[in-house]
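Heads up, entry_25.cif below (mmCIF, C-alpha atoms):
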data_query
#
loop_
_atom_site.label_atom_id
_atom_site.label_comp_id
_atom_site.auth_asym_id
_atom_site.auth_seq_id
_atom_site.Cartn_x
_atom_site.Cartn_y
_atom_site.Cartn_z
CA MET A 1 20.17 29.56 -26.79
CA ILE A 2 19.70 30.77 -23.20
CA ARG A 3 20.47 28.51 -20.23
CA TYR A 4 17.29 29.44 -18.36
CA ASN A 5 15.16 28.15 -21.27
CA CYS A 6 17.03 24.83 -21.18
CA LEU A 7 16.52 24.50 -17.44
CA GLU A 8 12.84 25.37 -17.85
CA LEU A 9 12.52 22.36 -20.13
CA LEU A 10 14.41 20.08 -17.76
CA ALA A 11 12.80 21.04 -14.44
CA PRO A 12 9.33 19.49 -14.98
CA LEU A 13 10.89 16.21 -16.13
CA VAL A 14 12.83 15.69 -12.91
CA THR A 15 11.05 13.16 -10.70
CA ASP A 16 13.30 10.78 -8.76
CA GLN A 17 16.56 11.79 -10.40
CA ILE A 18 19.37 13.39 -8.42
CA VAL A 19 20.51 16.81 -9.62
CA VAL A 20 23.91 18.27 -8.77
CA THR A 21 24.67 21.86 -9.76
CA SER A 22 27.90 23.78 -9.93
CA LEU A 23 27.97 27.49 -9.23
CA SER A 24 26.80 30.94 -10.10
CA GLY A 25 24.00 31.55 -12.61
CA GLN A 26 22.93 27.97 -13.15
CA LYS A 27 22.74 27.25 -9.43
CA ILE A 28 20.62 30.37 -8.95
CA GLU A 29 18.37 29.53 -11.90
CA TRP A 30 18.01 25.85 -10.99
CA ALA A 31 17.22 26.64 -7.35
CA HIS A 32 14.59 29.08 -8.60
CA LEU A 33 13.03 26.63 -11.07
CA SER A 34 13.21 23.41 -9.04
CA LYS A 35 12.37 22.72 -5.40
CA HIS A 36 13.19 19.03 -5.86
CA GLU A 37 14.47 17.43 -2.64
CA GLY A 38 17.05 15.59 -4.70
CA ASN A 39 18.86 18.80 -5.63
CA LEU A 40 22.40 19.19 -4.32
CA LEU A 41 23.46 22.78 -4.89
CA VAL A 42 27.22 22.30 -4.71
CA GLY A 43 27.96 25.86 -5.72
CA THR A 44 31.75 25.78 -6.01
CA MET A 45 33.86 25.74 -9.13
CA GLY A 46 35.38 22.48 -10.33
CA THR A 47 33.64 20.21 -7.84
CA ALA A 48 30.09 19.38 -8.98
CA LEU A 49 31.09 16.84 -11.62
CA GLY A 50 33.23 14.92 -9.13
CA VAL A 51 30.42 14.84 -6.59
CA GLY A 52 27.99 13.71 -9.28
CA ILE A 53 30.34 10.91 -10.34
CA GLY A 54 30.53 9.71 -6.73
CA LEU A 55 26.76 9.73 -6.39
CA ALA A 56 26.35 7.86 -9.66
CA VAL A 57 28.77 5.19 -8.48
CA ALA A 58 27.11 4.91 -5.07
CA LEU A 59 23.58 4.73 -6.50
CA PRO A 60 23.89 2.94 -9.85
CA HIS A 61 20.13 2.42 -10.13
CA ARG A 62 19.40 6.18 -9.83
CA LYS A 63 19.75 8.68 -12.66
CA VAL A 64 22.16 11.45 -11.71
CA ILE A 65 22.11 14.76 -13.59
CA VAL A 66 25.04 17.15 -13.25
CA LEU A 67 24.64 20.78 -14.32
CA GLU A 68 28.09 22.14 -15.04
CA SER A 69 29.66 25.17 -16.68
CA ASP A 70 32.62 25.64 -19.01
CA GLY A 71 34.79 27.41 -16.45
CA SER A 72 34.04 24.80 -13.81
CA VAL A 73 34.81 21.83 -16.08
CA LEU A 74 37.99 23.52 -17.28
CA LEU A 75 39.09 23.73 -13.64
CA SER A 76 38.57 19.98 -13.15
CA LEU A 77 39.58 18.45 -16.48
CA PHE A 78 41.02 15.46 -14.61
CA ASN A 79 37.39 14.38 -14.14
CA LEU A 80 37.06 13.54 -17.83
CA PRO A 81 39.34 10.46 -18.04
CA THR A 82 38.12 9.25 -14.64
CA LEU A 83 34.52 9.58 -15.79
CA ALA A 84 35.29 7.86 -19.09
CA ASN A 85 36.88 4.88 -17.41
CA LEU A 86 34.19 4.53 -14.75
CA ASN A 87 31.58 5.00 -17.49
CA PRO A 88 28.53 5.10 -15.17
CA ASP A 89 25.49 4.45 -17.33
CA ASN A 90 23.25 6.44 -14.99
CA LEU A 91 25.00 9.81 -15.33
CA ILE A 92 24.04 12.75 -17.52
CA VAL A 93 26.31 15.79 -17.64
CA PHE A 94 25.05 19.05 -19.11
CA VAL A 95 27.80 21.62 -19.51
CA PHE A 96 26.35 25.06 -20.09
CA ASP A 97 29.13 26.71 -22.06
CA ASN A 98 28.82 30.47 -22.44
CA ALA A 99 32.54 30.80 -23.18
CA SER A 100 32.98 33.24 -20.36
CA TYR A 101 33.58 33.56 -16.65
CA SER A 102 30.24 35.27 -16.13
CA GLY A 103 30.63 35.34 -12.39
CA THR A 104 33.48 37.81 -12.75
CA ARG A 105 30.89 40.35 -13.94
CA ILE A 106 33.34 41.50 -16.58
CA SER A 107 32.73 38.43 -18.79
CA GLU A 108 36.35 37.38 -19.12
CA PRO A 109 36.54 34.70 -21.82
CA THR A 110 37.21 31.05 -20.97
CA ALA A 111 39.33 28.80 -23.17
CA THR A 112 36.18 27.72 -25.03
CA ALA A 113 35.95 31.25 -26.42
CA GLY A 114 39.18 30.38 -28.18
CA ARG A 115 40.28 27.08 -29.71
CA THR A 116 39.07 24.68 -27.01
CA ASP A 117 36.12 22.34 -27.56
CA LEU A 118 34.88 20.53 -24.46
CA ALA A 119 32.93 17.82 -26.29
CA THR A 120 36.01 16.95 -28.34
CA MET A 121 38.07 16.84 -25.15
CA ALA A 122 35.48 14.57 -23.51
CA ARG A 123 35.53 12.23 -26.51
CA GLY A 124 39.32 12.26 -26.43
CA ALA A 125 39.17 11.26 -22.76
CA GLY A 126 37.04 8.28 -23.76
CA ILE A 127 33.46 9.45 -23.23
CA GLU A 128 31.70 8.06 -26.29
CA LYS A 129 28.46 10.00 -26.15
CA ALA A 130 29.84 13.52 -25.90
CA VAL A 131 28.02 15.97 -28.13
CA THR A 132 27.50 19.70 -28.58
CA VAL A 133 24.08 21.28 -28.97
CA ARG A 134 23.57 24.84 -30.15
CA ASP A 135 19.79 25.37 -30.14
CA LEU A 136 16.85 24.60 -27.90
CA GLU A 137 15.41 21.95 -30.19
CA SER A 138 18.68 19.98 -30.18
CA PHE A 139 18.95 20.39 -26.42
CA GLN A 140 15.46 19.00 -25.94
CA LYS A 141 16.22 16.04 -28.19
CA GLU A 142 19.43 15.18 -26.32
CA MET A 143 17.81 15.74 -22.93
CA THR A 144 14.85 13.48 -23.75
CA ALA A 145 17.14 10.71 -24.99
CA ALA A 146 19.45 11.05 -22.00
CA LEU A 147 16.58 10.84 -19.52
CA SER A 148 14.94 7.87 -21.17
CA GLU A 149 17.98 5.77 -22.10
CA ASN A 150 20.84 4.23 -20.16
CA GLY A 151 24.38 5.28 -20.87
CA LEU A 152 26.77 8.04 -19.89
CA ARG A 153 26.03 11.28 -21.73
CA PHE A 154 28.11 14.44 -21.83
CA VAL A 155 26.16 17.24 -23.48
CA VAL A 156 27.90 20.56 -24.08
CA CYS A 157 25.23 23.22 -24.48
CA LYS A 158 26.56 26.28 -26.26
CA ILE A 159 24.64 29.18 -24.77
CA GLU A 160 24.65 32.94 -24.94
CA GLU A 161 25.87 34.70 -21.88
CA SER A 162 22.79 35.78 -19.94
CA LYS A 163 22.76 38.00 -16.90
CA ASP A 164 19.09 37.43 -16.11
CA HIS A 165 19.94 35.30 -13.09
CA ARG A 166 21.09 38.48 -11.36
CA ASN A 167 17.43 39.46 -11.12
CA ILE A 168 16.48 36.20 -9.38
CA LEU A 169 16.39 36.11 -5.61
CA ARG A 170 19.18 33.76 -4.55
CA THR A 171 18.44 30.79 -2.35
CA ASP A 172 19.42 31.22 1.28
CA MET A 173 19.91 27.50 1.71
CA ASP A 174 23.04 26.70 3.69
CA PRO A 175 25.20 23.80 2.42
CA LEU A 176 24.62 21.84 5.62
CA GLU A 177 20.86 22.40 5.37
CA ASN A 178 21.00 21.29 1.73
CA LYS A 179 22.99 18.20 2.67
CA TYR A 180 20.51 17.08 5.30
CA LEU A 181 17.46 17.68 3.11
CA PHE A 182 19.16 15.87 0.24
CA VAL A 183 20.37 12.94 2.31
CA ARG A 184 17.07 12.50 4.16
CA TYR A 185 15.32 12.45 0.78
CA LEU A 186 17.73 9.75 -0.40
CA GLU A 187 17.26 7.79 2.82
CA LYS A 188 13.49 7.93 2.38
CA SER A 189 13.54 7.00 -1.29
CA GLU A 190 16.30 4.38 -0.99
CA GLY A 191 15.03 2.94 2.29
CA LYS A 192 18.42 2.92 3.97
CA PRO A 193 20.26 5.09 6.48
CA ILE A 194 23.01 7.38 5.23
CA ILE A 195 23.72 9.84 8.02
CA ARG A 196 23.76 8.12 11.35
CA SER A 197 23.90 9.71 14.77
CA ARG A 198 26.44 7.08 15.81
CA GLY A 199 29.76 6.45 14.16
CA MET B 1 55.78 -1.95 3.63
CA GLU B 2 55.73 -5.60 4.61
CA GLN B 3 52.97 -7.65 3.07
CA GLU B 4 51.66 -8.46 6.53
CA LEU B 5 51.10 -4.77 7.29
CA ALA B 6 49.40 -4.26 3.93
CA GLN B 7 47.05 -7.14 4.69
CA ARG B 8 46.31 -5.73 8.12
CA ILE B 9 45.39 -2.34 6.64
CA VAL B 10 42.92 -4.16 4.38
CA SER B 11 41.49 -6.00 7.40
CA GLY B 12 41.23 -2.72 9.29
CA LEU B 13 39.33 -1.09 6.45
CA HIS B 14 36.96 -4.08 6.46
CA ASP B 15 36.40 -3.72 10.18
CA ALA B 16 35.79 0.01 9.76
CA GLY B 17 33.00 -0.72 7.29
CA ILE B 18 34.72 1.01 4.38
CA ASP B 19 33.20 0.03 1.05
CA VAL B 20 34.51 2.65 -1.40
CA ILE B 21 38.13 3.73 -1.77
CA THR B 22 39.22 6.52 -4.10
CA TYR B 23 42.94 6.63 -4.71
CA LEU B 24 45.96 7.89 -6.55
CA PRO B 25 48.75 5.38 -6.02
CA GLU B 26 52.06 6.31 -4.43
CA THR B 27 55.19 4.51 -3.26
CA ARG B 28 54.82 3.67 0.44
CA LEU B 29 51.44 1.96 0.90
CA SER B 30 50.84 0.79 -2.66
CA GLN B 31 51.20 -2.91 -1.73
CA MET B 32 47.70 -2.76 -0.32
CA LEU B 33 46.14 -2.00 -3.72
CA PRO B 34 46.38 -5.53 -5.21
CA LEU B 35 45.10 -6.90 -1.91
CA LEU B 36 42.14 -4.53 -1.94
CA ARG B 37 41.45 -5.47 -5.54
CA ASP B 38 41.69 -9.21 -4.85
CA ASP B 39 39.48 -8.85 -1.80
CA GLY B 40 36.55 -7.96 -4.02
CA SER B 41 34.45 -6.28 -1.34
CA PHE B 42 35.70 -2.75 -1.96
CA LYS B 43 34.71 -0.50 -4.82
CA LEU B 44 38.05 0.96 -5.92
CA ILE B 45 38.00 4.21 -7.86
CA ALA B 46 41.27 5.17 -9.51
CA VAL B 47 41.52 8.92 -10.07
CA SER B 48 43.78 11.30 -11.93
CA SER B 49 44.05 13.90 -9.17
CA GLU B 50 43.62 13.83 -5.42
CA ALA B 51 41.30 16.81 -5.86
CA GLU B 52 38.75 14.50 -7.46
CA ALA B 53 39.55 11.66 -5.06
CA VAL B 54 37.89 13.92 -2.48
CA THR B 55 34.95 15.16 -4.58
CA ILE B 56 34.12 11.69 -5.94
CA GLY B 57 34.55 10.22 -2.48
CA ALA B 58 32.26 12.89 -1.03
CA GLY B 59 29.60 12.13 -3.63
CA ALA B 60 29.79 8.43 -2.81
CA ALA B 61 29.54 9.21 0.92
CA LEU B 62 26.45 11.35 0.36
CA GLY B 63 25.04 8.41 -1.58
CA GLY B 64 25.39 6.14 1.44
CA LYS B 65 28.87 4.65 1.13
CA GLN B 66 31.60 4.66 3.75
CA VAL B 67 34.56 6.09 1.97
CA ALA B 68 38.34 6.10 2.36
CA VAL B 69 40.56 8.36 0.27
CA TYR B 70 44.10 7.04 -0.19
CA MET B 71 46.82 9.47 -1.26
CA GLU B 72 50.43 10.53 -0.87
CA CYS B 73 50.88 13.48 1.44
CA THR B 74 51.56 15.77 -1.52
CA GLY B 75 48.02 14.92 -2.58
CA LEU B 76 46.80 16.67 0.52
CA TYR B 77 48.09 19.91 -0.96
CA VAL B 78 46.36 19.15 -4.26
CA SER B 79 43.07 18.33 -2.56
CA CYS B 80 42.85 21.18 -0.03
CA TYR B 81 40.31 23.09 -2.11
CA SER B 82 38.06 20.03 -2.51
CA ILE B 83 38.34 19.25 1.19
CA LEU B 84 37.33 22.78 2.12
CA SER B 85 34.68 23.46 -0.50
CA ILE B 86 32.97 20.06 -0.34
CA ALA B 87 33.96 17.84 2.59
CA LYS B 88 34.16 20.58 5.21
CA ARG B 89 31.48 22.88 3.83
CA PHE B 90 28.90 20.10 3.50
CA GLY B 91 30.16 18.06 6.44
CA VAL B 92 31.07 14.81 4.72
CA PRO B 93 32.78 11.90 6.48
CA LEU B 94 35.92 10.74 4.67
CA LEU B 95 38.69 8.59 6.06
CA LEU B 96 41.91 10.02 4.62
CA LEU B 97 44.69 7.43 4.37
CA ILE B 98 47.83 9.49 3.83
CA ALA B 99 51.32 8.14 3.20
CA HIS B 100 53.43 10.60 5.14
CA LEU B 101 56.47 10.82 2.94
CA GLY B 102 59.15 13.18 4.14
CA SER B 103 58.22 12.84 7.79
CA PHE B 104 60.77 12.18 10.57
CA ALA B 105 59.93 8.49 10.57
CA ASP B 106 59.86 8.03 6.78
CA GLN B 107 62.42 5.28 6.28
CA ARG B 108 62.99 6.32 2.66
CA ASN B 109 63.12 10.04 3.35
CA ASN B 110 65.38 12.13 1.16
CA SER B 111 65.61 15.62 -0.27
CA VAL B 112 62.80 14.90 -2.73
CA TYR B 113 60.28 14.29 0.05
CA ALA B 114 61.48 16.12 3.14
CA VAL B 115 60.15 19.55 2.25
CA SER B 116 56.78 18.20 1.09
CA GLY B 117 56.45 16.18 4.28
CA ALA B 118 57.19 19.07 6.57
CA TYR B 119 53.94 20.94 5.98
CA VAL B 120 51.48 18.06 6.22
CA THR B 121 50.51 18.32 9.88
CA PRO B 122 50.46 22.15 9.86
CA ILE B 123 48.04 21.99 6.93
CA LEU B 124 45.84 19.43 8.66
CA ASP B 125 45.87 21.66 11.74
CA ALA B 126 44.95 24.68 9.64
CA LEU B 127 42.08 22.76 8.05
CA GLU B 128 41.04 21.56 11.52
CA ILE B 129 41.19 17.96 10.37
CA GLN B 130 41.83 15.56 13.24
CA TYR B 131 44.58 13.05 12.57
CA ARG B 132 46.66 10.28 14.06
CA LEU B 133 50.24 9.29 13.29
CA VAL B 134 50.58 5.56 12.59
CA GLU B 135 54.20 4.38 12.62
CA SER B 136 53.94 0.69 13.51
CA GLY B 137 51.52 -2.18 13.32
CA GLN B 138 50.66 -1.95 17.00
CA ASN B 139 46.86 -1.76 17.33
CA LEU B 140 46.65 -1.06 13.60
CA GLU B 141 43.20 -2.55 12.99
CA THR B 142 41.80 -0.79 16.06
CA CYS B 143 43.33 2.48 14.95
CA ILE B 144 41.70 2.26 11.50
CA LYS B 145 38.37 1.21 13.00
CA ASP B 146 38.52 4.08 15.49
CA ALA B 147 39.24 6.56 12.70
CA GLY B 148 36.38 5.17 10.62
CA ARG B 149 33.98 5.51 13.53
CA HIS B 150 35.26 8.99 14.31
CA THR B 151 34.82 10.36 10.78
CA GLN B 152 31.23 9.07 10.74
CA ALA B 153 30.48 10.49 14.17
CA LEU B 154 32.10 13.83 13.37
CA LYS B 155 30.70 13.99 9.81
CA LEU B 156 33.98 15.46 8.69
CA PRO B 157 37.22 14.12 7.21
CA VAL B 158 39.64 12.43 9.60
CA ALA B 159 43.21 11.48 8.63
CA LEU B 160 45.61 8.66 9.38
CA LEU B 161 49.23 9.52 8.55
CA PHE B 162 51.31 6.41 7.83
CA SER B 163 55.06 6.52 8.30
CA GLY B 164 57.75 4.49 10.12
CA ASP B 165 57.32 0.75 9.48
CA PHE B 166 54.87 1.50 6.68
CA THR B 167 57.58 3.25 4.70
CA ARG B 168 60.21 0.48 4.72
#
Let me see the file written as structure tokens.
Amino acid sequence: MIRYNCLELLAPLVTDQIVVTSLSGQKIEWAHLSKHEGNLLVGTMGTALGVGIGLAVALPHRKVIVLESDGSVLLSLFNLPTLANLNPDNLIVFVFDNASYSGTRISEPTATAGRTDLATMARGAGIEKAVTVRDLESFQKEMTAALSENGLRFVVCKIEESKDHRNILRTDMDPLENKYLFVRYLEKSEGKPIIRSRG
Amino acid sequence: MEQELAQRIVSGLHDAGIDVITYLPETRLSQMLPLLRDDGSFKLIAVSSEAEAVTIGAGAALGGKQVAVYMECTGLYVSCYSILSIAKRFGVPLLLLIAHLGSFADQRNNSVYAVSGAYVTPILDALEIQYRLVESGQNLETCIKDAGRHTQALKLPVALLFSGDFTR
């Protein structure tokens, strides 16, 4: 299974959901596939899941989708018990696990290339619906259920390492520009101010 | 910390419009936690690392909440990466409530804390995070409200460092 094919399936289904991405290939691919105003391209390792949890808590009536990677989740494993105990029923986490630090360009293996299983760790932390999918059909089934049902989902997607994203033109969007577009979209769709000019 | 000071911190956070608090408990200011819980108007998010106290807090702030992050000063070291990569890079207002263990005015200072405390203000300076030292209850509510207004106006984290009477 290739990550880009998964994201191609997800992109047309995103309407009013919020999407938070971590870094590297999936950020590049998602920014290429989706121009959704509700995209927050976090782009740093070990931070997207935390930001997504905060958004899910702040906006419990909105579906929040977090696109994570194995290396990034491994850097922020403390998120798992926190997420389990908060148990936001509007949060979907897809962890695209290629068992390598692709961004290094020398494909150094992550712990999931060895004995570590992220879905098992998530279940051990207390996340009930933590599963692993290994093919596109299973991904589509999990994705459809996650989008249509309430309940926290943690879906580890075992993917092949793909370097195709290196051929995609990277977004030039600055984090501050992204923040303002994202927040103004939320303000418009939620009907409330978020960033004020006054303190 | 005397119960009266703990209650006044809670009142100050009310006045500042704070509605979400992420936290990892510590020894000096912890008396405020039951009060915050009993108050019922704050969403309290217990975390396992100060690094996620900042990322989760930032997410909540981007979702429209006014957020305080409560931590021991050692948590500042743990959360530096999150502060830089999320709060500073995206410009997110966060009111950092930091128990300044190991500072000159820490009334329970000892060799466990002193070294950790010594680098807190240099790190805040290096991160260009504006801060205030709070060592007594004088103007406490105003101080918290000012910091809350300032973090929103600046759209960046701002810190209050509690020591002195808050560490008794």
I need the output of the PyMOL selection byres ((chain A) within 7 of (chain B)) for this file as number ranges by chain; which residues are they? A: 44, 47, 50-55, 57-59, 78-79, 82, 175-176, 179, 183, 194, 197-199
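Within the 12 Å cut-off around Val115 of chain B, using only C-alpha atoms and omitting residues fewer than 6 positions from it on the same chain, the listed residues are Cys73, Thr74, His100, Leu101, Gly102, Ser103, Phe104 and Asn109 of chain B.
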Which residues, named as in the file, does the PyMOL selection byres ((chain A and resi 145-147) around 10) pick out? Answer as a PyMOL selection string. chain A and resi 10+13-14+17+63-65+90-93+129+139-144+148-155
Extending 8 Å beyond the listed atoms of segment 33-46 of chain B on each side, what axis-aligned box results? I want centre and edge lengths in Å to one decimal, as AutoDock Vina command-line options.
--center_x 40.4 --center_y -2.0 --center_z -5.4 --size_x 27.9 --size_y 30.4 --size_z 24.2
Between B:Ala87, B:Met1, B:Leu33, B:Asp165, which one has atoms that come closest to Gln138 of chain B, using all atoms listed in the file? B:Asp165
Please identify all polymer residues within 8 Å of segment 104-111 of chain A, counting only C-alpha atoms, omitting same-chain residues fewer than 4 positions from it, and present them as a ChimeraX atom specification. /A:70-71,99-100,115-116
With all atoms listed in the file as the atoms that count, which of A:Ala130, A:Ala113, A:Ile195, A:Leu186 lies nearest to Leu40 of chain A?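 Under the stated criterion, the closest residue is A:Leu186.
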What is the distance, in Å and to one decimal place, between atom CA of Gly46 of chain A and atom CA of Ser138 of chain A?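 These atoms are spaced 26.1 Å apart.
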Would you mind listing what lies within 9 Å of Thr27 of chain B as number ranges by chain, with only C-alpha atoms counted and same-chain residues fewer than 5 positions away left out? B: 72, 99, 101, 167
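Between atom CA of Pro34 of chain B and atom CA of Arg168 of chain B there is a distance of 18.1 Å.
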For a quick check of your reading of the model, name the residues lying within 9 Å of the coordinate (33.6, 22.6, -17.8), counting all atoms listed in the file, and write them as a ChimeraX atom specification. /A:46,49,68-77,95-97,118,156
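Here atom CA of Gly164 of chain B stands at a distance of 5.3 Å from atom CA of Asp106 of chain B.
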Given the PyMOL selection byres ((chain B and resi 70) around 8), the residues it picks as a PyMOL selection string: chain B and resi 21-25+68-69+71-72+96-98
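Minimum atom-to-atom distances from A:Ala31, A:Met1, A:Val20, A:Cys6 to Leu169 of chain A were compared using all atoms listed in the file, and the lowest value belongs to A:Ala31.
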Residue nearest Ser22 of chain A - candidates A:Asp164, A:Thr112, A:Gly103, A:Val42, atoms counted: only C-alpha atoms: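 The closest residue to Ser22 of chain A is A:Val42.
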Just the residues within 12 Å of Gln7 of chain B, please, counting all atoms listed in the file, with nothing from its chain fewer than 3 positions along; format it as a PyMOL selection string. chain B and resi 1-4+10-14+29-39+137+140-141+166
Nearest residue to Leu156 of chain B out of B:Leu94, B:Leu133, B:Ala118, B:Ile144, using all atoms listed in the file?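 Ranked by minimum distance to Leu156 of chain B, first place goes to B:Leu94.
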Can you tell me which residues surround Arg132 of chain B at a distance of at most 8 Å, considering all atoms listed in the file, apart from same-chain residues fewer than 6 positions away, and format the answer as number ranges by chain? B: 159-161
Just write the chosen residues, C-alpha atoms, as a CSV table (one decimal), keeping the file's coordinate frame.
chain,number,residue,atom,x,y,z
B,159,ALA,CA,43.2,11.5,8.6
B,160,LEU,CA,45.6,8.7,9.4
B,161,LEU,CA,49.2,9.5,8.6
For segment 132-148 of chain B, write N, CA, C and O atoms out as a PDB file, in the first residue's frame.
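Saved as decode-v6.pdb:
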ATOM      1  N   ARG B 132       7.062  37.591  33.695  1.00  0.00           N
ATOM      2  CA  ARG B 132       7.050  38.373  34.923  1.00  0.00           C
ATOM      3  C   ARG B 132       7.319  37.459  36.100  1.00  0.00           C
ATOM      4  O   ARG B 132       6.808  36.319  36.115  1.00  0.00           O
ATOM      5  N   LEU B 133       8.067  37.949  37.072  1.00  0.00           N
ATOM      6  CA  LEU B 133       8.270  37.209  38.315  1.00  0.00           C
ATOM      7  C   LEU B 133       7.144  37.582  39.270  1.00  0.00           C
ATOM      8  O   LEU B 133       6.842  38.764  39.449  1.00  0.00           O
ATOM      9  N   VAL B 134       6.523  36.590  39.868  1.00  0.00           N
ATOM     10  CA  VAL B 134       5.428  36.828  40.814  1.00  0.00           C
ATOM     11  C   VAL B 134       5.829  36.178  42.141  1.00  0.00           C
ATOM     12  O   VAL B 134       5.895  34.949  42.232  1.00  0.00           O
ATOM     13  N   GLU B 135       6.126  37.006  43.141  1.00  0.00           N
ATOM     14  CA  GLU B 135       6.654  36.458  44.401  1.00  0.00           C
ATOM     15  C   GLU B 135       5.739  36.701  45.593  1.00  0.00           C
ATOM     16  O   GLU B 135       6.006  36.196  46.687  1.00  0.00           O
ATOM     17  N   SER B 136       4.684  37.481  45.401  1.00  0.00           N
ATOM     18  CA  SER B 136       3.727  37.716  46.492  1.00  0.00           C
ATOM     19  C   SER B 136       2.340  37.902  45.891  1.00  0.00           C
ATOM     20  O   SER B 136       2.182  37.980  44.668  1.00  0.00           O
ATOM     21  N   GLY B 137       1.366  37.994  46.774  1.00  0.00           N
ATOM     22  CA  GLY B 137      -0.008  38.135  46.306  1.00  0.00           C
ATOM     23  C   GLY B 137      -0.380  39.552  45.903  1.00  0.00           C
ATOM     24  O   GLY B 137      -1.518  39.798  45.480  1.00  0.00           O
ATOM     25  N   GLN B 138       0.563  40.470  46.012  1.00  0.00           N
ATOM     26  CA  GLN B 138       0.252  41.863  45.683  1.00  0.00           C
ATOM     27  C   GLN B 138      -0.129  41.984  44.202  1.00  0.00           C
ATOM     28  O   GLN B 138       0.635  41.571  43.321  1.00  0.00           O
ATOM     29  N   ASN B 139      -1.295  42.515  43.952  1.00  0.00           N
ATOM     30  CA  ASN B 139      -1.807  42.700  42.581  1.00  0.00           C
ATOM     31  C   ASN B 139      -1.856  41.404  41.767  1.00  0.00           C
ATOM     32  O   ASN B 139      -1.702  41.415  40.545  1.00  0.00           O
ATOM     33  N   LEU B 140      -2.037  40.297  42.454  1.00  0.00           N
ATOM     34  CA  LEU B 140      -1.969  38.991  41.777  1.00  0.00           C
ATOM     35  C   LEU B 140      -2.986  38.863  40.645  1.00  0.00           C
ATOM     36  O   LEU B 140      -2.633  38.485  39.520  1.00  0.00           O
ATOM     37  N   GLU B 141      -4.257  39.165  40.942  1.00  0.00           N
ATOM     38  CA  GLU B 141      -5.294  39.008  39.923  1.00  0.00           C
ATOM     39  C   GLU B 141      -5.015  39.908  38.714  1.00  0.00           C
ATOM     40  O   GLU B 141      -5.194  39.504  37.564  1.00  0.00           O
ATOM     41  N   THR B 142      -4.577  41.127  38.997  1.00  0.00           N
ATOM     42  CA  THR B 142      -4.248  42.068  37.910  1.00  0.00           C
ATOM     43  C   THR B 142      -3.092  41.531  37.075  1.00  0.00           C
ATOM     44  O   THR B 142      -3.095  41.611  35.838  1.00  0.00           O
ATOM     45  N   CYS B 143      -2.112  40.981  37.761  1.00  0.00           N
ATOM     46  CA  CYS B 143      -0.938  40.447  37.077  1.00  0.00           C
ATOM     47  C   CYS B 143      -1.325  39.316  36.123  1.00  0.00           C
ATOM     48  O   CYS B 143      -0.866  39.263  34.972  1.00  0.00           O
ATOM     49  N   ILE B 144      -2.197  38.417  36.580  1.00  0.00           N
ATOM     50  CA  ILE B 144      -2.633  37.300  35.731  1.00  0.00           C
ATOM     51  C   ILE B 144      -3.470  37.828  34.565  1.00  0.00           C
ATOM     52  O   ILE B 144      -3.295  37.417  33.416  1.00  0.00           O
ATOM     53  N   LYS B 145      -4.354  38.775  34.879  1.00  0.00           N
ATOM     54  CA  LYS B 145      -5.197  39.336  33.811  1.00  0.00           C
ATOM     55  C   LYS B 145      -4.343  40.062  32.769  1.00  0.00           C
ATOM     56  O   LYS B 145      -4.567  39.933  31.561  1.00  0.00           O
ATOM     57  N   ASP B 146      -3.357  40.809  33.245  1.00  0.00           N
ATOM     58  CA  ASP B 146      -2.450  41.507  32.319  1.00  0.00           C
ATOM     59  C   ASP B 146      -1.726  40.509  31.411  1.00  0.00           C
ATOM     60  O   ASP B 146      -1.585  40.733  30.202  1.00  0.00           O
ATOM     61  N   ALA B 147      -1.254  39.426  32.014  1.00  0.00           N
ATOM     62  CA  ALA B 147      -0.514  38.417  31.234  1.00  0.00           C
ATOM     63  C   ALA B 147      -1.431  37.745  30.215  1.00  0.00           C
ATOM     64  O   ALA B 147      -1.024  37.490  29.072  1.00  0.00           O
ATOM     65  N   GLY B 148      -2.668  37.493  30.620  1.00  0.00           N
ATOM     66  CA  GLY B 148      -3.636  36.896  29.699  1.00  0.00           C
ATOM     67  C   GLY B 148      -3.930  37.815  28.522  1.00  0.00           C
ATOM     68  O   GLY B 148      -3.990  37.376  27.368  1.00  0.00           O
TER      69      GLY B 148
END
